[in-house]
Amino acid sequence: MIDEHSIREAALSSKAWPYEEARKLLTRYPDGKPGGEAILFETGYGPSGLPHIGTFNEVLRTTMVRRAFAELSDQPTRLIAFSDDMDGLRKVPDNVPNRDMLAEHLGKPLTQVPDPFGKFESFAHHNNAMLREFLDRFGFQYEFASSTDYYSSGRFDDALRAVLRQYDAIMGVMLPTLGEERRATYSPVLPISPTSGIVLQVPVEVLDPETGMVAFMDEGQRIEASILSGGAKLQWKVDWAMRWVALGVDYEMAGKDLIDSVTQSSKIARVLGARPPEGFNYEMFLDEHGQKISKSKGNGLSLEQWLTYGPEESLAFYAYREPKKAKQLHLGVIPRAIDEYWQFRGNYADQPVEQRLGNPVHHIHGGPPPAETLPVTFGLLLNLVGVMGEATREQVWGYLGNYVPDASPARYPALDALIGHAIAYVRDVAEKPARRAPQGIEVAALQRLDAELAALPVNAPAEDIQNIVYEIGKSGGFEQLRDWFRALYETLLGTSQGPRMGSFIALYGIANSRMLIAEALAR
């Protein structure tokens with residue numbers, strides 16, 4: 001057991017990105033946050049479309065930084081998951097029902113747009129609930145915050161008064177970043193129309209910062225109204241800065257597409273007399289075609305899709321790795337993420353503290369991972385299920401008995417869960433096997449493999465079988481050993497890549513494997 005002092009000492013110099021980020025907060029408050037207040041982490045969510053993995057990913061990565069900070073410092077922390085649900089509905093998402101109904105409410109705050117699914121008070125309430133349900137399922141410790149609630153309750157009123165006092169200075173930050181046409185109508189303040197309920201994009205005249213009174217034109221009439229207590233919201237970059245100031249946010253990361261927003265919002269935060277939060281810009285997830293994932297297009301994986309084909313830890317592992325590198329996010333990445341997660345998990349127990357803190361599983365689990373090991377890889381399970389065709393969980397466990405001593409769901413609950421994922425993945429995602437006939441020297445090599453397998457006991461170790469496969473490849477006239485392995489995958493499994501054949505034959509059973517060889521030779 002490694003003690004907390006050793007962990008803290010190693011964390012102070014660890015190159016794992018959560019520690020590098022957490023050390024920024026030690027620099028920000030060398031003597032702790034004034035008044036002993038909690039270090040405040042924030043993540044933002046725009047509920048204009050259904051939540052996707054990119055949305056969840058930001059909460060996960062922020063949580064990893066928060067955990068890393070807890071290993072570096074005894075200062076208290078909080079995490080707010082903030083929903084920008086007072087934003088106006090700008091366009092109708094492609095992946096929701098009742099799109100014509102939604103189109104009738106364009107421009108209204110998302111909490112005033114009916115739920116197209118007919119389940120919640122509003123579209124925002126529906127999407128907020130989906131996000132919270134998933135975050136709760138993962139066990140995140142967070143406080144959910146609604147933009148509508150914070151504006152309407154008056155929690156932002158003091159900060160809104162500050163925005164009106166510094167109106168000209170904020171305009172000085174924003175106007176140089178806008179085109180000529182946009183500059184003519186731009187206002188940091190977006191009043192809510194008292195007649196249509198739409199979030200208005202109109203010029204605003206500040207009348208009295210202390211009462212929040214402004215003037216604007218709405219459907220040809222001059223309106224004088226207060227922006228306090230829900231009478232208006234702010235433009236995005238100003239809103240973000242105001243929120244940092246009002247809440248005292250110390251850390252918030254953002255996607256690479258928001259670099260300019262971070263720059264301008266940081267300037268506005270300084271105009272309002274506050275220090276912008278620490279953070280970094282992560283790269284975006286891309287779909288299988290290399291396009292940015294969009295909530296409104298619905299071209300990313302849903303949270304439910306990943307969890308159909310892989311466990312939660314594999315998703316966390318994929319999100320942890322190389323956050324500043326663009327990565328494709330589609331169903332095809334799941335198997336590798338599962339196996340790499342278990343590889344790192346298997347290495348953890350024997351690593352010194354410095355290596356443990358750089359191991360992704362330390363950040364996924366917030367410390368040492370559970371002790372359970374995985375006796376077979378997910379890739380091997382996929383090959384087994386693929387060869388079996390229509391497989392049940394019980395049938396797969398039957399084959400595992402050939403390979404794993406005392407194989408049972410009770411002893412290997414994580415493996416049992418992976419069997420379910422493998423069955424679903426082969427059924428829904430994996431390409432159907434297309435086995436080809438062996439050619440040339442492949443025929444004699446398969447005949448020799450069949451003869452060698454026939455001479456082995458039924459419980460021959462995987463390593464002994466692998467040695468036989470290897471020797472046939474070396475002496476069978478193949479130009480390269482990988483040509484032999486590829487021939488085995490293509491003729492027996494119907495895939496271009498595959499597992500260690502010794503492991504597969506031991507798992508599938510020698511008799512069953514010989515049947516595969518016979519079928520291949522008969523083509």
# chains A, B, ... in the order shown; residues from 1 in each chain; ligands from 1
call {"tool": "residues_around", "arguments": {"residues": "stretch 403-416 of chain A", "least_positions_apart": "4", "cutoff": "9 Å", "atoms": "only C-alpha atoms", "output": "count of residues only"}}
result
21
call {"tool": "select_by_dssp", "arguments": {"residues": "stretch 199-434 of chain A", "states": "alpha helix (DSSP H)", "output": "VMD selection string"}}
result
chain A and resid 236 to 247 259 to 271 303 to 309 312 to 320 334 to 348 353 to 358 360 to 365 378 to 388 393 to 400 413 to 428
call {"tool": "write_last_selection", "arguments": {"atoms": "C-alpha atoms", "output": "compact mmCIF listing (two decimals), in the first residue's frame"}}
result
# COMPACT_ATOMS: atom_id res chain seq x y z
CA TRP A 236 -22.29 33.88 -25.16
CA LYS A 237 -18.78 35.23 -24.56
CA VAL A 238 -20.02 37.88 -22.12
CA ASP A 239 -22.27 35.34 -20.42
CA TRP A 240 -19.34 32.97 -19.91
CA ALA A 241 -17.19 35.71 -18.38
CA MET A 242 -20.04 36.93 -16.17
CA ARG A 243 -20.57 33.39 -14.90
CA TRP A 244 -16.88 33.00 -14.03
CA VAL A 245 -17.05 36.23 -12.05
CA ALA A 246 -20.41 35.60 -10.35
CA LEU A 247 -19.58 32.06 -9.27
CA ILE A 259 -10.06 29.18 -28.14
CA ASP A 260 -11.27 32.59 -29.35
CA SER A 261 -14.17 32.50 -26.88
CA VAL A 262 -11.78 31.77 -24.01
CA THR A 263 -9.59 34.70 -25.09
CA GLN A 264 -12.42 37.22 -25.29
CA SER A 265 -14.22 35.96 -22.19
CA SER A 266 -10.97 36.19 -20.23
CA LYS A 267 -10.59 39.84 -21.27
CA ILE A 268 -14.17 40.57 -20.21
CA ALA A 269 -13.64 38.83 -16.86
CA ARG A 270 -10.70 41.15 -16.23
CA VAL A 271 -12.86 44.16 -17.19
CA LEU A 303 -23.77 7.46 -24.49
CA GLU A 304 -26.11 4.47 -24.66
CA GLN A 305 -24.45 3.14 -27.82
CA TRP A 306 -21.00 2.94 -26.26
CA LEU A 307 -22.37 1.25 -23.15
CA THR A 308 -24.16 -1.33 -25.31
CA TYR A 309 -20.85 -2.48 -26.76
CA GLU A 312 -17.95 2.42 -18.67
CA GLU A 313 -14.23 2.09 -17.93
CA SER A 314 -13.41 1.69 -21.62
CA LEU A 315 -15.16 4.97 -22.41
CA ALA A 316 -13.28 6.72 -19.61
CA PHE A 317 -10.02 5.24 -20.90
CA TYR A 318 -10.66 6.54 -24.42
CA ALA A 319 -11.45 10.01 -23.09
CA TYR A 320 -8.32 10.10 -20.91
CA ILE A 334 -14.47 0.35 -28.79
CA PRO A 335 -12.74 -3.09 -28.86
CA ARG A 336 -9.26 -1.63 -28.78
CA ALA A 337 -10.20 0.76 -25.98
CA ILE A 338 -11.45 -2.18 -23.92
CA ASP A 339 -8.32 -4.27 -24.38
CA GLU A 340 -5.91 -1.37 -23.80
CA TYR A 341 -7.76 -0.41 -20.62
CA TRP A 342 -7.36 -3.95 -19.26
CA GLN A 343 -3.71 -4.03 -20.30
CA PHE A 344 -2.97 -0.90 -18.26
CA ARG A 345 -5.11 -2.21 -15.41
CA GLY A 346 -3.16 -5.46 -15.36
CA ASN A 347 0.15 -3.55 -15.12
CA TYR A 348 -0.91 -1.29 -12.23
CA VAL A 353 4.16 5.04 -7.50
CA GLU A 354 5.56 7.27 -10.25
CA GLN A 355 4.34 4.90 -12.97
CA ARG A 356 1.02 4.34 -11.25
CA LEU A 357 0.26 8.06 -11.35
CA GLY A 358 0.90 8.02 -15.09
CA PRO A 360 -4.71 5.93 -17.06
CA VAL A 361 -6.54 3.56 -14.70
CA HIS A 362 -5.38 5.60 -11.70
CA HIS A 363 -7.29 8.58 -13.05
CA ILE A 364 -10.27 6.53 -14.23
CA HIS A 365 -10.81 5.00 -10.79
CA PHE A 378 -12.05 -8.72 -25.55
CA GLY A 379 -10.58 -9.24 -29.01
CA LEU A 380 -10.40 -12.98 -28.34
CA LEU A 381 -14.02 -12.95 -27.16
CA LEU A 382 -15.06 -11.21 -30.38
CA ASN A 383 -13.30 -13.86 -32.46
CA LEU A 384 -14.91 -16.65 -30.45
CA VAL A 385 -18.42 -15.21 -30.72
CA GLY A 386 -17.85 -14.44 -34.39
CA VAL A 387 -16.99 -18.07 -35.13
CA MET A 388 -19.88 -19.35 -33.01
CA ARG A 393 -23.85 -16.05 -22.79
CA GLU A 394 -24.09 -19.59 -21.40
CA GLN A 395 -22.57 -21.08 -24.55
CA VAL A 396 -19.63 -18.67 -24.41
CA TRP A 397 -19.00 -19.61 -20.79
CA GLY A 398 -19.02 -23.23 -21.89
CA TYR A 399 -16.13 -22.55 -24.28
CA LEU A 400 -14.29 -20.51 -21.65
CA PRO A 413 -18.08 -10.69 -13.17
CA ALA A 414 -16.23 -8.22 -15.42
CA LEU A 415 -15.65 -10.99 -17.97
CA ASP A 416 -19.32 -11.89 -17.79
CA ALA A 417 -20.23 -8.29 -18.64
CA LEU A 418 -17.75 -8.30 -21.53
CA ILE A 419 -19.34 -11.45 -22.93
CA GLY A 420 -22.60 -9.53 -23.19
CA HIS A 421 -20.86 -6.66 -24.92
CA ALA A 422 -19.10 -9.06 -27.32
CA ILE A 423 -22.36 -10.77 -28.28
CA ALA A 424 -23.97 -7.38 -28.94
CA TYR A 425 -20.97 -6.10 -30.91
CA VAL A 426 -20.79 -9.15 -33.17
CA ARG A 427 -24.57 -9.05 -33.68
CA ASP A 428 -24.84 -5.33 -34.50
call {"tool": "atom_distance", "arguments": {"atom1": "atom CA of A:Pro76", "atom2": "atom CA of A:Leu40"}}
result
8.9 Å
call {"tool": "closest_residue", "arguments": {"among": "A:Tyr151, A:Tyr282, A:Tyr186, A:Phe216", "to": "A:Leu228", "atoms": "only C-alpha atoms"}}
result
A:Tyr151
call {"tool": "atom_distance", "arguments": {"atom1": "atom CA of A:Gly273", "atom2": "atom CA of A:Tyr19"}}
result
28.5 Å
call {"tool": "closest_residue", "arguments": {"among": "A:Pro323, A:Asp250, A:Leu175, A:Ile510", "to": "A:Tyr29", "atoms": "only C-alpha atoms"}}
result
A:Asp250
call {"tool": "atom_distance", "arguments": {"atom1": "atom CA of A:Pro433", "atom2": "atom CA of A:Ala487"}}
result
13.9 Å
call {"tool": "closest_atom_pairs", "arguments": {"of": "stretch 100-219 of chain A", "to": "stretch 41-63 of chain A", "cutoff": "7 Å", "atoms": "only C-alpha atoms", "output": "Markdown table"}}
result
| residue | atom | partner | partner_atom | distance |
| --- | --- | --- | --- | --- |
| A:Ala124 | CA | A:Pro47 | CA | 5.7 |
| A:Asn127 | CA | A:Pro47 | CA | 5.8 |
| A:Asn128 | CA | A:Pro47 | CA | 6.6 |
| A:Met130 | CA | A:Pro51 | CA | 6.9 |
| A:Leu131 | CA | A:Pro51 | CA | 6.1 |
call {"tool": "write_last_selection", "arguments": {"atoms": "C-alpha atoms", "output": "mmCIF file, in the first residue's frame"}}
result
data_model
loop_
_atom_site.group_PDB
_atom_site.id
_atom_site.type_symbol
_atom_site.label_atom_id
_atom_site.label_comp_id
_atom_site.auth_asym_id
_atom_site.auth_seq_id
_atom_site.Cartn_x
_atom_site.Cartn_y
_atom_site.Cartn_z
ATOM 1 C CA ALA A 124 -33.971 21.698 -21.991
ATOM 2 C CA ASN A 127 -31.772 17.014 -22.297
ATOM 3 C CA ASN A 128 -30.610 18.110 -18.851
ATOM 4 C CA MET A 130 -30.376 12.762 -19.884
ATOM 5 C CA LEU A 131 -27.049 14.334 -18.998
#
call {"tool": "closest_residue", "arguments": {"among": "A:Ala162, A:Glu278, A:Glu9, A:Gly248", "to": "A:Ala22", "atoms": "only C-alpha atoms"}}
result
A:Glu278
call {"tool": "closest_residue", "arguments": {"among": "A:Leu178, A:Met101, A:Leu26, A:Ala81", "to": "A:Asp136", "atoms": "only C-alpha atoms"}}
result
A:Ala81
call {"tool": "residues_around", "arguments": {"residues": "A:Ile441", "least_positions_apart": "5", "cutoff": "8 Å", "atoms": "only C-alpha atoms", "output": "PyMOL selection string"}}
result
chain A and resi 476-478
call {"tool": "write_last_selection", "arguments": {"atoms": "C-alpha atoms", "output": "compact mmCIF listing (two decimals), in the first residue's frame"}}
result
# COMPACT_ATOMS: atom_id res chain seq x y z
CA GLY A 476 6.08 -23.87 -44.23
CA GLY A 477 7.58 -21.82 -47.04
CA PHE A 478 5.92 -18.51 -46.22
